[in-house]
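See structure below.
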Amino acid sequence: MIADRILYEDNHVIVVNKMPSELTQGDKTGDATLPDLIKTYLKEKYQKPGNVFLGVVHRLDRPTSGALVFARTSKALERLNAQFRDKETNKVYWAIVGQKPPQDKSELAHFLKKNETQNKSYVVAEGTPGAKKALLGYQHIGSSERYHLLEIKLETGRHHQIRCQLAHMGCVIKGDLKYGDKRSNPDASICLHARTLSFEHPTTKERISVVAPLPKLGIWAAFEKN
């Protein structure tokens with residue numbers, strides 16, 4: 001139920017913990033999207049007649065989970081869009097990888113190019129036509145017997161950036177077949193989770209911070225205390 005996954009809600013904003021496999025926006029599958037589910041929840045909760053406004057501010061890949069913020073008014077959408085565009089938000093991701101990185105803490109800088117046909121990004125040489133610079137920082141924050149937990153802070157927002165850059169480093173995200181893992185997760189997810197999100201409230205200007213509970217997939221349980 002959506003109600004059990006709401007991390008923050010008021011008249012202007014709603015933040016939801018996205019489950020793996022949920023779509024942020026419609027695609028060729030025609031599957032119901034997370035915004036569709038939230039609109040139904042809002043319509044029923046507040047007994048709203050007609051259409052319910054819900055603005056998509058940012059997105060997560062379908063197999064990824066975690067905190068997603070949506071705007072409930074057009075004014076909130078405009079102001080939140082500006083924050084995300086101007087990098088005034090703070091997003092932290094957690095990723096479970098099979099290979100421990102060569103350094104416990106470092107920054108990665110690559111040039112990425114998206115292959116539209118494959119819906120996949122590749123690390124390419126600087127100056128390659130269509131390439132965009134991608135920057136992120138990571139820190140190793142825990143290990144189990146077989147896997148390692150990384151905390152990632154994005155400085156840019158490129159297509160499949162975390163997945164591509166970690167894989168290029170040799171640290172493929174668990175379950176991410178597209179970027180080189182050998183085995184899928186039972187629920188078709190990848191172990192990449194938008195763990196924390198903070199932003200300025202579009203009307204009150206208060207700083208809102210949320211923490212998204214980890215998925216129920218067994219492997220995450222080993223890292224719940226991190």
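FYI, nothing fancy with the structure tokens labels: chains A, B, ... in order, residues from 1 per chain, ligands from 1 as they appear.
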
Shell of 9 Å around Glu155 of chain A, only C-alpha atoms, local chain residues under 4 positions omitted, as a PyMOL selection string: chain A and resi 87+134-137

Next, dump the selected residues to file, keeping only N, CA and C atoms, as a PDB file, in the first residue's frame.
ATOM      1  N   LYS A  87      20.929  21.811  -8.555  1.00  0.00           N
ATOM      2  CA  LYS A  87      21.684  20.965  -7.619  1.00  0.00           C
ATOM      3  C   LYS A  87      21.644  21.500  -6.185  1.00  0.00           C
ATOM      4  N   ALA A 134      30.672  12.816 -16.068  1.00  0.00           N
ATOM      5  CA  ALA A 134      29.931  12.247 -14.935  1.00  0.00           C
ATOM      6  C   ALA A 134      30.844  12.224 -13.718  1.00  0.00           C
ATOM      7  N   LEU A 135      30.355  12.776 -12.606  1.00  0.00           N
ATOM      8  CA  LEU A 135      31.131  12.841 -11.373  1.00  0.00           C
ATOM      9  C   LEU A 135      30.323  12.269 -10.212  1.00  0.00           C
ATOM     10  N   LEU A 136      30.975  11.459  -9.396  1.00  0.00           N
ATOM     11  CA  LEU A 136      30.335  10.981  -8.159  1.00  0.00           C
ATOM     12  C   LEU A 136      31.413  10.701  -7.131  1.00  0.00           C
ATOM     13  N   GLY A 137      30.994  10.685  -5.871  1.00  0.00           N
ATOM     14  CA  GLY A 137      31.874  10.285  -4.790  1.00  0.00           C
ATOM     15  C   GLY A 137      31.304   9.050  -4.123  1.00  0.00           C
TER      16      GLY A 137
END

Run DSSP on the backbone of this structure and report the residues of segment 39-225 of chain A it assigns to strand (DSSP E or B), as number ranges by chain. A: 55-56, 65-71, 90-97, 105-115, 120-124, 132-143, 148-154, 173, 192-200, 207-211

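With only C-alpha atoms as the atoms that count, the minimum distance from Ser198 of chain A to the choices A:Glu88, A:Glu126, A:Asp104, A:Asp181 is reached by A:Glu88.
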
Residues of segment 5-86 of chain A that approach segment 163-177 of chain A to 12 Å or less, counting only C-alpha atoms: could you list each one with the shortest pair of atoms and its distance in Å to one decimal, rows by chain and increasing residue number, as CSV?
residue,atom,partner,partner_atom,distance
A:Pro20,CA,A:Gly175,CA,11.6
A:Leu60,CA,A:Arg163,CA,11.9
A:Asp61,CA,A:Arg163,CA,10.3
A:Arg62,CA,A:Asp176,CA,11.7
A:Pro63,CA,A:Asp176,CA,8.7
A:Thr64,CA,A:Asp176,CA,10.0

Next, the residues of the selection above should be written as a PDB file, in the first residue's frame with N, CA and C atoms.
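The file below, part18.pdb, is the result:
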ATOM      1  N   PRO A  20      11.299  -1.583  -5.937  1.00  0.00           N
ATOM      2  CA  PRO A  20      11.868  -2.069  -7.196  1.00  0.00           C
ATOM      3  C   PRO A  20      10.738  -2.544  -8.113  1.00  0.00           C
ATOM      4  N   LEU A  60      13.750   7.557 -10.842  1.00  0.00           N
ATOM      5  CA  LEU A  60      14.654   6.453 -10.527  1.00  0.00           C
ATOM      6  C   LEU A  60      14.434   5.364 -11.571  1.00  0.00           C
ATOM      7  N   ASP A  61      15.500   4.667 -11.939  1.00  0.00           N
ATOM      8  CA  ASP A  61      15.359   3.557 -12.875  1.00  0.00           C
ATOM      9  C   ASP A  61      14.378   2.531 -12.321  1.00  0.00           C
ATOM     10  N   ARG A  62      13.708   1.811 -13.198  1.00  0.00           N
ATOM     11  CA  ARG A  62      12.688   0.857 -12.771  1.00  0.00           C
ATOM     12  C   ARG A  62      13.198  -0.146 -11.730  1.00  0.00           C
ATOM     13  N   PRO A  63      14.381  -0.762 -11.893  1.00  0.00           N
ATOM     14  CA  PRO A  63      14.817  -1.759 -10.900  1.00  0.00           C
ATOM     15  C   PRO A  63      15.400  -1.171  -9.623  1.00  0.00           C
ATOM     16  N   THR A  64      15.464   0.165  -9.551  1.00  0.00           N
ATOM     17  CA  THR A  64      16.028   0.857  -8.393  1.00  0.00           C
ATOM     18  C   THR A  64      14.926   1.238  -7.412  1.00  0.00           C
TER      19      THR A  64
END

Pick out the residues sitting within 6 Å of segment 212-215 of chain A, and hand them over as a ChimeraX atom specification; count only C-alpha atoms, and ignore anything fewer than 2 positions along from it in its own chain. /A:17,66-67,195,217

Could you save the residues just selected, with C-alpha atoms, as a CSV table (one decimal), in the first residue's frame?
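The new file part.csv reads:
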chain,number,residue,atom,x,y,z
A,17,ASN,CA,9.6,5.1,-0.9
A,66,GLY,CA,14.2,4.6,-2.7
A,67,ALA,CA,13.0,8.1,-2.0
A,195,ARG,CA,18.6,6.1,0.8
A,217,LEU,CA,15.2,-8.4,-0.3

Distance query Leu149 of chain A at most 10 Å, only C-alpha atoms, self and fewer than 2 positions along chain excluded, as a VMD selection string: chain A and resid 94 to 100 139 to 144 147 151 to 152 173 191 to 192 220 222 to 223 226

Compare A:Lys114, A:His201, A:Arg146, A:Lys45 by their minimum atom-to-atom distance to Val15 of chain A, counting only C-alpha atoms, and give me the closest one.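 Looking at the shortest contact to Val15 of chain A, the residue is A:His201.
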
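Residues of segment 76-158 of chain A that DSSP places in helix (DSSP H, G or I), based on the backbone of this structure, are Ala76, Leu77, Glu78, Arg79, Leu80, Asn81, Ala82, Gln83, Phe84 and Arg85 of chain A.
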
Could you turn the residues from that selection into a file that holds C-alpha atoms, as a PDB file, in the first residue's frame?
ATOM      1  CA  ALA A  76       5.577  23.362  -6.052  1.00  0.00           C
ATOM      2  CA  LEU A  77       6.577  21.519  -9.223  1.00  0.00           C
ATOM      3  CA  GLU A  78       8.174  24.623 -10.694  1.00  0.00           C
ATOM      4  CA  ARG A  79      10.147  25.381  -7.531  1.00  0.00           C
ATOM      5  CA  LEU A  80      11.245  21.790  -6.934  1.00  0.00           C
ATOM      6  CA  ASN A  81      12.303  21.416 -10.567  1.00  0.00           C
ATOM      7  CA  ALA A  82      14.504  24.476 -10.126  1.00  0.00           C
ATOM      8  CA  GLN A  83      16.132  22.969  -7.021  1.00  0.00           C
ATOM      9  CA  PHE A  84      16.944  19.705  -8.753  1.00  0.00           C
ATOM     10  CA  ARG A  85      18.179  21.513 -11.855  1.00  0.00           C
TER      11      ARG A  85
END

Find the spatial neighbours of Val16 of chain A, counting only C-alpha atoms, within a cut-off of 6 Å - ignore same-chain residues fewer than 6 positions away - and output them as a list in words.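 The filter keeps Arg5, Ile6, Leu7, Ala67 and Leu68 of chain A.
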
Contacts of segment 63-90 of chain A with segment 50-53 of chain A up to 8 Å, shortest pair per row, only C-alpha atoms, as CSV:
residue,atom,partner,partner_atom,distance
A:Arg72,CA,A:Phe53,CA,5.9
A:Thr73,CA,A:Phe53,CA,6.5
A:Ser74,CA,A:Phe53,CA,7.9

Could you work out how far atom CA of Phe70 of chain A lies from atom CA of Asn119 of chain A, giving the answer in Å with one decimal?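 For atom CA of Asn119 of chain A relative to atom CA of Phe70 of chain A, the distance reads 24.6 Å.
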
If I take atom CA of Thr89 of chain A and atom CA of Leu154 of chain A, how far is one from the other in Å, to one decimal?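 Between atom CA of Thr89 of chain A and atom CA of Leu154 of chain A the gap is 10.6 Å.
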
Residues near Leu34 of chain A, anyone? I mean within 8 Å using only C-alpha atoms, not counting same-chain ones fewer than 6 positions away, as a list of chain:residue names.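 Skipping anything fewer than 6 positions along the chain leaves A:Lys18, A:Glu22, A:Leu23, A:Thr24, A:Gln25.
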
Writing out the chosen residues with N, CA and C atoms as a short mmCIF file (atom, residue, chain, number, x, y, z; two decimals), in the first residue's frame:
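Result went into part-v9.cif, see below:
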data_model
loop_
_atom_site.label_atom_id
_atom_site.label_comp_id
_atom_site.auth_asym_id
_atom_site.auth_seq_id
_atom_site.Cartn_x
_atom_site.Cartn_y
_atom_site.Cartn_z
N LYS A 18 9.91 4.37 -3.24
CA LYS A 18 9.63 3.56 -4.44
C LYS A 18 10.13 2.14 -4.26
N GLU A 22 8.74 -0.71 -9.83
CA GLU A 22 7.75 0.34 -10.09
C GLU A 22 8.31 1.35 -11.10
N LEU A 23 7.45 1.81 -11.98
CA LEU A 23 7.82 2.80 -12.99
C LEU A 23 7.60 4.21 -12.46
N THR A 24 8.58 5.09 -12.70
CA THR A 24 8.39 6.50 -12.37
C THR A 24 7.55 7.19 -13.43
N GLN A 25 7.67 6.72 -14.67
CA GLN A 25 6.87 7.25 -15.76
C GLN A 25 6.53 6.10 -16.70
#

For a test of reading the model, state the distance in Å between atom CA of Lys225 of chain A and atom CA of Leu150 of chain A, rounded to one decimal.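 Atom-to-atom, atom CA of Lys225 of chain A and atom CA of Leu150 of chain A are spaced 13.7 Å apart.
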